[in-house]
file data.txt (compact mmCIF, C-alpha atoms)
# COMPACT_ATOMS: atom_id res chain seq x y z
CA MET C 390 144.91 29.41 180.70
CA ARG C 391 146.34 27.76 177.58
CA VAL C 392 145.42 24.06 177.33
CA LEU C 393 146.82 21.49 174.92
CA VAL C 394 144.01 19.13 173.89
CA MET C 395 144.99 15.92 172.12
CA SER C 396 143.72 12.41 171.56
CA ASP C 397 144.40 9.05 169.92
CA ILE C 398 148.19 8.97 170.09
CA HIS C 399 148.16 5.24 169.39
CA ALA C 400 151.75 4.42 170.35
CA ASN C 401 153.14 6.90 167.83
CA TYR C 402 155.92 8.45 169.90
CA THR C 403 157.43 10.42 167.01
CA ALA C 404 154.11 12.14 166.33
CA LEU C 405 153.57 12.85 170.03
CA MET C 406 156.92 14.58 170.35
CA ALA C 407 156.20 16.69 167.26
CA VAL C 408 152.90 17.82 168.80
CA LEU C 409 154.44 18.66 172.16
CA LYS C 410 157.16 20.72 170.47
CA ASP C 411 154.71 22.49 168.15
CA ALA C 412 152.28 23.32 170.96
CA GLY C 413 154.97 25.06 173.00
CA GLN C 414 154.39 26.21 176.56
CA VAL C 415 150.96 25.33 177.94
CA ASP C 416 149.39 25.56 181.39
CA GLU C 417 147.61 22.21 181.24
CA THR C 418 147.36 19.19 178.96
CA TRP C 419 144.13 17.27 178.39
CA CYS C 420 144.55 13.90 176.68
CA LEU C 421 141.33 12.24 175.58
CA GLY C 422 142.62 8.69 175.50
CA ASP C 423 143.96 5.87 173.32
CA LEU C 424 147.60 6.17 174.21
CA VAL C 425 148.15 2.64 172.87
CA GLY C 426 146.93 0.55 169.95
CA TYR C 427 148.13 0.35 166.32
CA GLY C 428 151.58 1.94 166.67
CA PRO C 429 155.09 0.68 167.52
CA ASP C 430 156.06 2.53 170.71
CA PRO C 431 153.50 2.06 173.52
CA ASN C 432 155.98 2.31 176.39
CA ALA C 433 157.63 5.48 175.12
CA VAL C 434 154.24 7.14 174.65
CA VAL C 435 152.88 6.21 178.07
CA GLU C 436 156.08 7.27 179.79
CA GLU C 437 156.07 10.63 178.01
CA ILE C 438 152.43 11.24 178.91
CA ARG C 439 153.04 10.27 182.54
CA ASP C 440 155.72 12.96 182.82
CA ILE C 441 153.57 15.81 181.52
CA PRO C 442 152.80 18.33 184.31
CA ASN C 443 149.21 19.39 185.01
CA LEU C 444 147.86 16.45 183.03
CA THR C 445 144.28 15.25 182.77
CA CYS C 446 144.10 11.99 180.82
CA MET C 447 141.08 9.88 179.91
CA LEU C 448 140.90 6.14 179.23
CA GLY C 449 140.45 5.19 175.58
CA ASN C 450 138.97 1.97 174.26
CA HIS C 451 142.38 0.60 173.21
CA ASP C 452 143.76 1.47 176.65
CA ALA C 453 140.81 -0.38 178.17
CA ALA C 454 141.43 -3.44 176.02
CA VAL C 455 145.13 -3.74 176.74
CA THR C 456 144.46 -3.54 180.50
CA GLY C 457 141.82 -6.28 180.39
CA LYS C 458 138.74 -4.06 180.66
CA MET C 459 137.50 -4.83 177.15
CA ALA C 460 137.69 -8.06 175.15
CA PHE C 461 140.20 -8.23 172.31
CA GLU C 462 137.52 -9.96 170.26
CA THR C 463 135.74 -6.58 170.04
CA TYR C 464 138.46 -5.44 167.60
CA ASN C 465 139.22 -6.36 164.00
CA GLY C 466 142.15 -8.67 163.26
CA ASP C 467 144.78 -6.01 162.58
CA ALA C 468 143.86 -3.92 165.63
CA ARG C 469 143.82 -7.09 167.75
CA ARG C 470 147.34 -8.04 166.62
CA ALA C 471 148.65 -4.68 167.80
CA LEU C 472 146.86 -4.98 171.14
CA ILE C 473 148.33 -8.45 171.71
CA TYR C 474 151.79 -7.04 170.98
CA HIS C 475 151.25 -4.08 173.31
CA GLU C 476 149.99 -6.33 176.08
CA LYS C 477 153.25 -8.29 175.85
CA VAL C 478 155.67 -5.34 175.76
CA LEU C 479 154.08 -2.78 178.10
CA THR C 480 155.88 -2.52 181.42
CA ALA C 481 154.05 -3.16 184.67
CA SER C 482 154.27 0.48 185.72
CA ASN C 483 152.87 1.68 182.40
CA MET C 484 150.03 -0.83 182.68
CA ASP C 485 149.34 0.44 186.18
CA PHE C 486 149.16 4.02 184.89
CA LEU C 487 146.65 3.05 182.19
CA ARG C 488 144.52 1.31 184.82
CA THR C 489 144.24 4.57 186.79
CA LEU C 490 142.67 6.51 183.89
CA PRO C 491 138.97 7.40 184.22
CA SER C 492 136.56 5.59 181.92
CA THR C 493 133.63 7.94 182.53
CA ALA C 494 133.19 11.52 181.34
CA LYS C 495 135.01 14.17 183.39
CA VAL C 496 134.18 17.85 183.87
CA CYS C 497 137.02 20.39 183.80
CA GLY C 498 135.66 23.88 184.25
CA ASP C 499 133.36 24.70 181.32
CA VAL C 500 134.22 21.49 179.47
CA THR C 501 133.13 17.86 179.64
CA LEU C 502 135.88 15.45 178.54
CA ALA C 503 135.27 12.00 177.08
CA HIS C 504 137.11 9.66 174.76
CA GLY C 505 134.22 8.62 172.55
CA SER C 506 131.15 10.55 173.67
CA PRO C 507 129.59 11.81 176.90
CA ARG C 508 126.85 9.19 176.51
CA GLU C 509 129.18 6.21 175.80
CA PRO C 510 132.65 7.43 176.82
CA LEU C 511 134.65 4.42 175.64
CA TRP C 512 133.05 3.29 172.42
CA GLU C 513 130.55 5.64 170.71
CA TYR C 514 131.70 7.62 167.67
CA ILE C 515 130.31 11.12 167.13
CA LEU C 516 130.58 11.19 163.35
CA ASN C 517 127.32 12.66 162.14
CA LEU C 518 124.39 14.88 163.07
CA PRO C 519 122.17 12.14 164.59
CA SER C 520 124.91 10.92 166.96
CA ALA C 521 125.75 14.51 167.89
CA ARG C 522 122.11 15.38 168.60
CA ILE C 523 121.73 12.49 171.01
CA ASN C 524 124.90 13.46 172.85
CA PHE C 525 124.06 17.11 173.35
CA ASP C 526 121.58 15.86 175.96
CA HIS C 527 124.34 14.09 177.90
CA PHE C 528 126.47 17.00 179.11
CA THR C 529 125.58 20.20 180.96
CA THR C 530 128.74 22.22 180.38
CA PRO C 531 128.90 24.69 177.46
CA TRP C 532 131.37 22.48 175.58
CA CYS C 533 132.38 18.87 175.25
CA PHE C 534 135.74 17.67 173.91
CA VAL C 535 135.91 14.16 172.45
CA GLY C 536 138.30 12.03 170.39
CA HIS C 537 137.94 8.49 169.01
CA THR C 538 136.99 9.35 165.39
CA HIS C 539 140.51 10.54 164.47
CA ILE C 540 138.90 13.47 162.60
CA GLN C 541 139.17 17.15 163.53
CA SER C 542 135.58 18.28 163.70
CA MET C 543 133.09 20.57 165.40
CA PHE C 544 129.36 20.14 166.05
CA VAL C 545 127.41 23.27 166.94
CA LEU C 546 123.92 23.33 168.44
CA ASP C 547 121.75 26.40 167.85
CA GLU C 548 119.32 25.95 170.73
CA LYS C 549 116.94 28.66 169.51
CA LYS C 550 116.54 27.07 166.08
CA ASP C 551 117.08 23.52 167.38
CA ARG C 552 119.59 23.05 164.58
CA ILE C 553 122.96 21.26 164.57
CA THR C 554 125.75 21.95 162.09
CA ILE C 555 128.99 20.08 161.49
CA GLU C 556 132.27 21.58 160.34
CA GLN C 557 135.86 20.51 159.76
CA PRO C 558 137.67 23.72 160.74
CA LYS C 559 140.83 24.77 158.95
CA PRO C 560 144.10 24.41 160.88
CA ASP C 561 145.18 27.54 162.75
CA SER C 562 141.71 29.10 162.51
CA VAL C 563 140.81 30.65 165.88
CA ILE C 564 137.26 29.64 166.74
CA LYS C 565 135.30 31.64 169.29
CA LEU C 566 133.44 29.20 171.49
CA HIS C 567 129.81 29.63 172.45
CA PRO C 568 127.25 27.26 173.94
CA LYS C 569 126.70 24.56 172.87
CA MET C 570 129.48 22.71 171.03
CA ILE C 571 131.16 19.32 170.69
CA LEU C 572 134.76 19.59 169.48
CA ASN C 573 137.27 16.94 168.39
CA PRO C 574 141.01 17.76 168.18
CA GLY C 575 141.66 14.87 165.78
CA SER C 576 144.34 12.21 166.19
CA VAL C 577 147.99 12.66 167.08
CA GLY C 578 149.13 9.27 165.87
CA GLN C 579 146.73 8.10 163.17
CA PRO C 580 144.66 10.85 161.47
CA ARG C 581 141.78 9.64 159.32
CA ASP C 582 140.78 12.78 157.43
CA ARG C 583 143.19 12.33 154.49
CA ASP C 584 145.71 14.67 156.10
CA PRO C 585 148.60 12.60 157.51
CA ARG C 586 149.89 15.42 159.73
CA SER C 587 149.38 15.03 163.47
CA ALA C 588 146.30 16.81 164.77
CA TYR C 589 145.63 18.54 168.08
CA ALA C 590 144.07 21.74 169.40
CA ILE C 591 144.74 24.62 171.77
CA TYR C 592 141.93 25.68 174.11
CA ASP C 593 142.17 29.12 175.71
CA THR C 594 140.01 29.22 178.83
CA GLU C 595 140.08 33.00 179.22
CA GLU C 596 139.52 33.98 175.59
CA GLN C 597 137.19 30.99 175.19
CA THR C 598 138.74 30.00 171.87
CA TRP C 599 139.61 26.73 170.16
CA THR C 600 142.46 26.55 167.64
CA PRO C 601 142.88 23.29 165.68
CA ARG C 602 146.48 22.64 164.70
CA ARG C 603 148.40 20.27 162.39
CA VAL C 604 152.09 19.39 162.43
CA MET C 605 154.21 17.19 160.19
CA TYR C 606 156.41 14.48 161.70
CA ASN C 607 158.78 11.82 160.40
CA ILE C 608 156.20 9.35 159.11
CA ALA C 609 158.79 7.15 157.35
CA GLU C 610 160.57 6.59 160.65
CA VAL C 611 157.37 5.38 162.31
CA GLN C 612 156.51 3.17 159.34
CA LYS C 613 159.94 1.55 159.71
CA HIS C 614 159.33 0.92 163.42
CA ILE C 615 155.90 -0.59 162.69
CA ARG C 616 157.44 -3.05 160.23
CA GLU C 617 160.35 -3.88 162.53
CA ALA C 618 157.87 -4.72 165.29
CA GLY C 619 156.03 -7.10 162.98
CA LEU C 620 152.78 -5.13 163.20
CA PRO C 621 150.24 -5.14 160.34
CA GLU C 622 151.39 -3.46 157.14
CA LYS C 623 148.04 -1.65 157.02
CA HIS C 624 149.07 0.38 160.05
CA ALA C 625 152.22 1.57 158.28
CA VAL C 626 150.44 2.46 155.05
CA ARG C 627 147.54 4.38 156.57
CA ILE C 628 149.61 6.85 158.59
CA GLY C 629 151.29 7.92 155.35
CA GLU C 630 147.96 8.65 153.70
CA GLY C 631 145.80 9.80 156.60
CA TRP C 632 143.00 7.26 156.47
call {"tool": "encode", "arguments": {"input": "data.txt", "output": "structure tokens"}}
result
Amino acid sequence: MRVLVMSDIHANYTALMAVLKDAGQVDETWCLGDLVGYGPDPNAVVEEIRDIPNLTCMLGNHDAAVTGKMAFETYNGDARRALIYHEKVLTASNMDFLRTLPSTAKVCGDVTLAHGSPREPLWEYILNLPSARINFDHFTTPWCFVGHTHIQSMFVLDEKKDRITIEQPKPDSVIKLHPKMILNPGSVGQPRDRDPRSAYAIYDTEEQTWTPRRVMYNIAEVQKHIREAGLPEKHAVRIGEGW
């Protein structure tokens, strides 16, 4: 089974459509959350995600905030401005969809899915070896897929040596999976690894492989939409530079 794994779309509809086109035919789609926040097109993104067949979608922290499950004060000023805007423009049906998304980790076959981490699904960032080590104790499946950091990355636990390594795999490299690993597909709508191209991954359940992918999209178009919506200039600048 070929699975599209993506996360952190952040209301960037243009980037989402580029990813869906680049991924091609898949059997299932796993979205790790944060459909909204930062970007200019929350309704278009949620509606597109809702229409994807064989979808498993997690709740992200920005999704939680815009539906009233997390205080806006938790976020910095620029992020809060976008959330306030999204709260105003999101349709009732799209809000209802976001409210249905699971906020706790979910097991799909050999994989545990979470937005942030299996230990703290909504908020914890797995960015370094100490945070990864703690989280390896919080899932029993061979692999865990997370988002939230906006960085394509891979943490590997060698249980015999009790050693964890971290890698940022090259796009299109086919990685053979083995227990035990935490993998992040990166961000569709706002990458933060100095590569502005949209990030996602393909998981093959039969071959047990993970292939990180990158695809360019019309960044200037999205920057224009951000400015037209009156959203923070920072959000327009950063998608052009990947930070």
call {"tool": "closest_residue", "arguments": {"input": "data.txt", "among": "C:Leu518, C:Gln414, C:Gly631, C:Leu487", "to": "Asn432 in chain C", "atoms": "all atoms listed in the file"}}
result
C:Leu487
call {"tool": "residues_around", "arguments": {"input": "data.txt", "residues": "Asp452 in chain C", "least_positions_apart": "3", "cutoff": "7 Å", "atoms": "only C-alpha atoms", "output": "PDB file with C-alpha atoms, in the frame of the given file"}}
result
ATOM      1  CA  ASP C 423     143.960   5.870 173.320  1.00  0.00           C
ATOM      2  CA  LEU C 424     147.600   6.170 174.210  1.00  0.00           C
ATOM      3  CA  VAL C 425     148.150   2.640 172.870  1.00  0.00           C
ATOM      4  CA  LEU C 448     140.900   6.140 179.230  1.00  0.00           C
ATOM      5  CA  GLY C 449     140.450   5.190 175.580  1.00  0.00           C
ATOM      6  CA  VAL C 455     145.130  -3.740 176.740  1.00  0.00           C
ATOM      7  CA  THR C 456     144.460  -3.540 180.500  1.00  0.00           C
ATOM      8  CA  LEU C 487     146.650   3.050 182.190  1.00  0.00           C
TER       9      LEU C 487
END
call {"tool": "atom_distance", "arguments": {"input": "data.txt", "atom1": "CA of Asn517 in chain C", "atom2": "CA of Ile555 in chain C"}}
result
7.6 Å
call {"tool": "residues_around", "arguments": {"input": "data.txt", "residues": "Ala625 in chain C", "least_positions_apart": "6", "cutoff": "10 Å", "atoms": "only C-alpha atoms", "output": "count of residues only"}}
result
12
call {"tool": "residues_around", "arguments": {"input": "data.txt", "residues": "Val434 in chain C", "least_positions_apart": "3", "cutoff": "6 Å", "atoms": "all atoms listed in the file", "output": "PyMOL selection string"}}
result
chain C and resi 400+402+431+437
call {"tool": "closest_residue", "arguments": {"input": "data.txt", "among": "C:His504, C:His539, C:Arg602, C:His527", "to": "Ala453 in chain C", "atoms": "only C-alpha atoms"}}
result
C:His504
